[in-house]
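**Q** final04.pdb is the file, holding PDB, C-alpha atoms and all ligand atoms:
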```pdb
MODEL        1
ATOM      1  CA  MET G   1      61.208  99.545  -9.207  1.00  0.00           C
ATOM      2  CA  THR G   2      61.290  96.037  -7.764  1.00  0.00           C
ATOM      3  CA  VAL G   3      60.737  94.858  -4.206  1.00  0.00           C
ATOM      4  CA  ASP G   4      62.760  91.867  -3.015  1.00  0.00           C
ATOM      5  CA  HIS G   5      61.567  89.382  -0.416  1.00  0.00           C
ATOM      6  CA  PHE G   6      63.311  91.405   2.324  1.00  0.00           C
ATOM      7  CA  GLY G   7      61.186  94.434   1.468  1.00  0.00           C
ATOM      8  CA  SER G   8      64.099  96.348  -0.059  1.00  0.00           C
ATOM      9  CA  THR G   9      63.458  98.272  -3.202  1.00  0.00           C
ATOM     10  CA  THR G  10      65.809  98.704  -6.083  1.00  0.00           C
ATOM     11  CA  ALA G  11      65.370 100.949  -9.075  1.00  0.00           C
ATOM     12  CA  LYS G  12      65.863  99.343 -12.429  1.00  0.00           C
ATOM     13  CA  PRO G  13      68.582 101.090 -14.433  1.00  0.00           C
ATOM     14  CA  THR G  14      66.119 101.797 -17.189  1.00  0.00           C
ATOM     15  CA  GLU G  15      63.632 103.347 -14.788  1.00  0.00           C
ATOM     16  CA  GLU G  16      63.360 107.109 -14.988  1.00  0.00           C
ATOM     17  CA  LYS G  17      64.765 109.016 -12.007  1.00  0.00           C
ATOM     18  CA  THR G  18      62.299 110.954  -9.906  1.00  0.00           C
ATOM     19  CA  ALA G  19      62.140 114.697 -10.438  1.00  0.00           C
ATOM     20  CA  MET G  20      64.745 116.767  -8.632  1.00  0.00           C
ATOM     21  CA  THR G  21      63.564 118.626  -5.541  1.00  0.00           C
ATOM     22  CA  GLU G  22      64.533 122.253  -5.973  1.00  0.00           C
ATOM     23  CA  LEU G  23      65.258 124.253  -2.858  1.00  0.00           C
ATOM     24  CA  LYS G  24      65.327 128.004  -3.289  1.00  0.00           C
ATOM     25  CA  LEU G  25      66.012 131.039  -1.196  1.00  0.00           C
ATOM     26  CA  VAL G  26      62.663 131.759   0.481  1.00  0.00           C
ATOM     27  CA  GLU G  27      61.372 134.230   3.045  1.00  0.00           C
ATOM     28  CA  LYS G  28      60.457 132.965   6.455  1.00  0.00           C
ATOM     29  CA  ASP G  29      59.231 134.359   9.725  1.00  0.00           C
ATOM     30  CA  GLY G  30      62.521 134.953  11.533  1.00  0.00           C
ATOM     31  CA  ARG G  31      62.118 131.901  13.767  1.00  0.00           C
ATOM     32  CA  ARG G  32      64.508 128.987  13.861  1.00  0.00           C
ATOM     33  CA  TRP G  33      63.296 126.016  11.839  1.00  0.00           C
ATOM     34  CA  PRO G  34      64.559 122.435  11.950  1.00  0.00           C
ATOM     35  CA  CYS G  35      66.680 121.486   8.961  1.00  0.00           C
ATOM     36  CA  THR G  36      64.981 118.654   7.109  1.00  0.00           C
ATOM     37  CA  LEU G  37      68.248 117.471   5.577  1.00  0.00           C
ATOM     38  CA  CYS G  38      70.683 117.282   8.535  1.00  0.00           C
ATOM     39  CA  GLY G  39      68.511 117.773  11.615  1.00  0.00           C
ATOM     40  CA  GLY G  40      70.205 121.065  12.489  1.00  0.00           C
ATOM     41  CA  GLU G  41      68.456 124.411  12.635  1.00  0.00           C
ATOM     42  CA  THR G  42      68.172 127.497  10.520  1.00  0.00           C
ATOM     43  CA  ASP G  43      69.354 130.835  11.800  1.00  0.00           C
ATOM     44  CA  ARG G  44      66.890 133.614  12.542  1.00  0.00           C
ATOM     45  CA  GLU G  45      67.557 135.502   9.318  1.00  0.00           C
ATOM     46  CA  ALA G  46      64.626 136.518   7.128  1.00  0.00           C
ATOM     47  CA  ILE G  47      65.785 134.414   4.194  1.00  0.00           C
ATOM     48  CA  THR G  48      66.359 130.671   4.343  1.00  0.00           C
ATOM     49  CA  CYS G  49      66.656 127.827   1.883  1.00  0.00           C
ATOM     50  CA  GLY G  50      63.671 125.609   1.259  1.00  0.00           C
ATOM     51  CA  THR G  51      60.937 124.431  -1.009  1.00  0.00           C
ATOM     52  CA  ASP G  52      58.167 126.835  -1.942  1.00  0.00           C
ATOM     53  CA  ASP G  53      55.778 125.164   0.496  1.00  0.00           C
ATOM     54  CA  ARG G  54      58.508 125.063   3.230  1.00  0.00           C
ATOM     55  CA  SER G  55      58.011 121.321   3.597  1.00  0.00           C
ATOM     56  CA  ILE G  56      61.778 120.922   3.181  1.00  0.00           C
ATOM     57  CA  ILE G  57      64.124 123.419   4.825  1.00  0.00           C
ATOM     58  CA  ALA G  58      67.922 123.459   4.613  1.00  0.00           C
ATOM     59  CA  CYS G  59      70.101 125.146   7.237  1.00  0.00           C
ATOM     60  CA  PRO G  60      73.139 127.348   6.540  1.00  0.00           C
ATOM     61  CA  ASP G  61      75.481 124.431   7.394  1.00  0.00           C
ATOM     62  CA  CYS G  62      73.877 122.389   4.631  1.00  0.00           C
ATOM     63  CA  LEU G  63      74.332 125.300   2.242  1.00  0.00           C
ATOM     64  CA  LYS G  64      78.004 125.586   3.268  1.00  0.00           C
ATOM     65  CA  ASN G  65      78.442 121.845   2.766  1.00  0.00           C
ATOM     66  CA  ALA G  66      76.372 121.453  -0.391  1.00  0.00           C
ATOM     67  CA  ALA G  67      79.076 119.314  -1.992  1.00  0.00           C
ATOM     68  CA  THR G  68      78.450 116.600   0.615  1.00  0.00           C
ATOM     69  CA  ILE G  69      74.680 117.053   0.960  1.00  0.00           C
ATOM     70  CA  ASP G  70      73.908 113.409   0.129  1.00  0.00           C
ATOM     71  CA  ASP G  71      76.224 112.281   2.954  1.00  0.00           C
ATOM     72  CA  ARG G  72      74.491 114.673   5.354  1.00  0.00           C
ATOM     73  CA  ILE G  73      71.070 113.362   4.283  1.00  0.00           C
ATOM     74  CA  GLU G  74      72.235 109.762   4.722  1.00  0.00           C
ATOM     75  CA  ARG G  75      73.631 110.447   8.219  1.00  0.00           C
ATOM     76  CA  ARG G  76      70.333 112.040   9.252  1.00  0.00           C
ATOM     77  CA  ALA G  77      68.319 109.175   7.757  1.00  0.00           C
ATOM     78  CA  ALA G  78      70.455 106.661   9.695  1.00  0.00           C
ATOM     79  CA  ARG G  79      69.914 108.624  12.933  1.00  0.00           C
ATOM     80  CA  LEU G  80      66.157 108.713  12.314  1.00  0.00           C
ATOM     81  CA  GLU G  81      66.103 104.979  11.641  1.00  0.00           C
ATOM     82  CA  GLY G  82      67.872 104.454  14.980  1.00  0.00           C
ATOM     83  CA  ILE G  83      65.364 106.687  16.732  1.00  0.00           C
ATOM     84  CA  ALA G  84      62.471 104.804  15.107  1.00  0.00           C
ATOM     85  CA  SER G  85      63.972 101.484  16.173  1.00  0.00           C
ATOM     86  CA  ASP G  86      64.459 102.697  19.756  1.00  0.00           C
ATOM     87  CA  LEU G  87      60.931 104.095  19.801  1.00  0.00           C
ATOM     88  CA  ARG G  88      59.453 100.760  18.718  1.00  0.00           C
ATOM     89  CA  THR G  89      61.119  99.061  21.700  1.00  0.00           C
ATOM     90  CA  LEU G  90      58.847 101.174  23.927  1.00  0.00           C
ATOM     91  CA  LYS G  91      55.701  99.606  22.478  1.00  0.00           C
ATOM     92  CA  GLY G  92      53.918  97.725  25.243  1.00  0.00           C
ATOM     93  CA  GLN G  93      56.496  99.001  27.761  1.00  0.00           C
ATOM     94  CA  VAL G  94      55.137 102.448  28.622  1.00  0.00           C
ATOM     95  CA  THR G  95      53.000 103.430  31.567  1.00  0.00           C
ATOM     96  CA  LEU G  96      51.623 106.944  31.836  1.00  0.00           C
ATOM     97  CA  PRO G  97      49.701 108.953  34.422  1.00  0.00           C
ATOM     98  CA  THR G  98      46.132 109.592  33.357  1.00  0.00           C
ATOM     99  CA  PHE G  99      45.198 112.711  31.432  1.00  0.00           C
ATOM    100  CA  GLU G 100      43.013 113.714  34.369  1.00  0.00           C
ATOM    101  CA  ALA G 101      45.957 113.356  36.768  1.00  0.00           C
ATOM    102  CA  TRP G 102      47.968 115.675  34.531  1.00  0.00           C
ATOM    103  CA  GLN G 103      45.138 118.207  34.439  1.00  0.00           C
ATOM    104  CA  ASN G 104      44.680 118.053  38.215  1.00  0.00           C
ATOM    105  CA  ALA G 105      48.414 118.457  38.839  1.00  0.00           C
ATOM    106  CA  ASN G 106      48.441 121.541  36.634  1.00  0.00           C
ATOM    107  CA  LYS G 107      45.422 122.984  38.405  1.00  0.00           C
ATOM    108  CA  ALA G 108      47.078 122.352  41.791  1.00  0.00           C
ATOM    109  CA  PHE G 109      50.287 123.959  40.557  1.00  0.00           C
ATOM    110  CA  ASP G 110      48.409 126.989  39.238  1.00  0.00           C
ATOM    111  CA  ALA G 111      46.536 127.291  42.543  1.00  0.00           C
ATOM    112  CA  CYS G 112      49.856 127.283  44.439  1.00  0.00           C
ATOM    113  CA  GLU G 113      51.239 129.904  42.050  1.00  0.00           C
ATOM    114  CA  GLN G 114      48.163 132.093  42.618  1.00  0.00           C
ATOM    115  CA  GLU G 115      48.454 131.590  46.376  1.00  0.00           C
ATOM    116  CA  GLY G 116      52.125 132.591  46.252  1.00  0.00           C
ATOM    117  CA  ARG G 117      51.336 135.840  44.460  1.00  0.00           C
ATOM    118  CA  ARG G 118      48.919 137.036  47.127  1.00  0.00           C
TER     119      ARG G 118
HETATM  120 ZN    ZN E 201      71.102 121.219   7.593  1.00  0.00          ZN
ENDMDL
END
```
Show this structure as structure tokens.
Ligand SMILES: [Zn+2]
**A**
Amino acid sequence: MTVDHFGSTTAKPTEEKTAMTELKLVEKDGRRWPCTLCGGETDREAITCGTDDRSIIACPDCLKNAATIDDRIERRAARLEGIASDLRTLKGQVTLPTFEAWQNANKAFDACEQEGRR
């Protein structure tokens, strides 16, 4: 692999490809999980598609559209790059209430809730 002066990387044709990432049918806990590949969600079924360690999960739509999986991955990657770019514009531009103000507001809310139940 080479890195050009713009920071882009290109694989040399003679360079060996990285190992394939094999997704299998795996058991899960019946909750919805975000799809790593397209950004969608899994269904609540007991079996989903993913890596053994569940670090990569694929939703049923990705399974249905396996022939175009690289396009789906690229669209998601482009969306994430846009999100990252938008997020960086917030650097130095964000003001937040203090953590203590948040805690106090929650305590006041809880106190009102308790008062309302009496
Ligand atoms: Zn998906």
**Q** Please write the residues picked by the PyMOL selection byres (((not hetatm)) within 6 of (chain E and resi 201)) on this file as number ranges by chain.
**A** G: 35, 37-40, 58-59, 61-62
**Q** For the residues in the current selection, export C-alpha atoms as a PDB file, in the frame of the given file.
**A**
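The resulting out.pdb:
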```pdb
ATOM      1  CA  CYS G  35      66.680 121.486   8.961  1.00  0.00           C
ATOM      2  CA  LEU G  37      68.248 117.471   5.577  1.00  0.00           C
ATOM      3  CA  CYS G  38      70.683 117.282   8.535  1.00  0.00           C
ATOM      4  CA  GLY G  39      68.511 117.773  11.615  1.00  0.00           C
ATOM      5  CA  GLY G  40      70.205 121.065  12.489  1.00  0.00           C
ATOM      6  CA  ALA G  58      67.922 123.459   4.613  1.00  0.00           C
ATOM      7  CA  CYS G  59      70.101 125.146   7.237  1.00  0.00           C
ATOM      8  CA  ASP G  61      75.481 124.431   7.394  1.00  0.00           C
ATOM      9  CA  CYS G  62      73.877 122.389   4.631  1.00  0.00           C
TER      10      CYS G  62
END
```
**Q** Take CA of Arg44 in chain G and CA of Glu27 in chain G and report the distance between them in Å, one decimal.
**A**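 Computing it gives 11.0 Å between the two atoms.
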**Q** With all atoms listed in the file as the basis for distance, which of G:Thr98, G:Thr89, G:Asn106, G:Thr21 is at the shortest distance from Asp53 in chain G?
**A**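 For Asp53 in chain G, the nearest of the given residues is G:Thr21.
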**Q** State, in Å with one decimal place, the distance from CA of Met20 in chain G to CA of Ala66 in chain G.
**A** 15.0 Å
**Q** I want to know what sits within 12 Å of Ser55 in chain G, based on all atoms listed in the file, with residues of the same chain fewer than 3 positions away left out; could you give that as a list of chain:residue names?
**A** G:Thr21, G:Glu22, G:Leu23, G:Val26, G:Trp33, G:Pro34, G:Cys35, G:Thr36, G:Leu37, G:Cys49, G:Gly50, G:Thr51, G:Asp52, G:Ala58
**Q** One decimal, in Å: what's the spacing between CA of Pro60 in chain G and CA of Arg32 in chain G?
**A**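 Those two atoms sit 11.4 Å apart.
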**Q** Hey, what comes out of the PyMOL selection byres (((chain G and resi 30) around 6) and not hetatm) on this file? Could you write it as a PyMOL selection string?
**A** chain G and resi 28-29+31+44-46
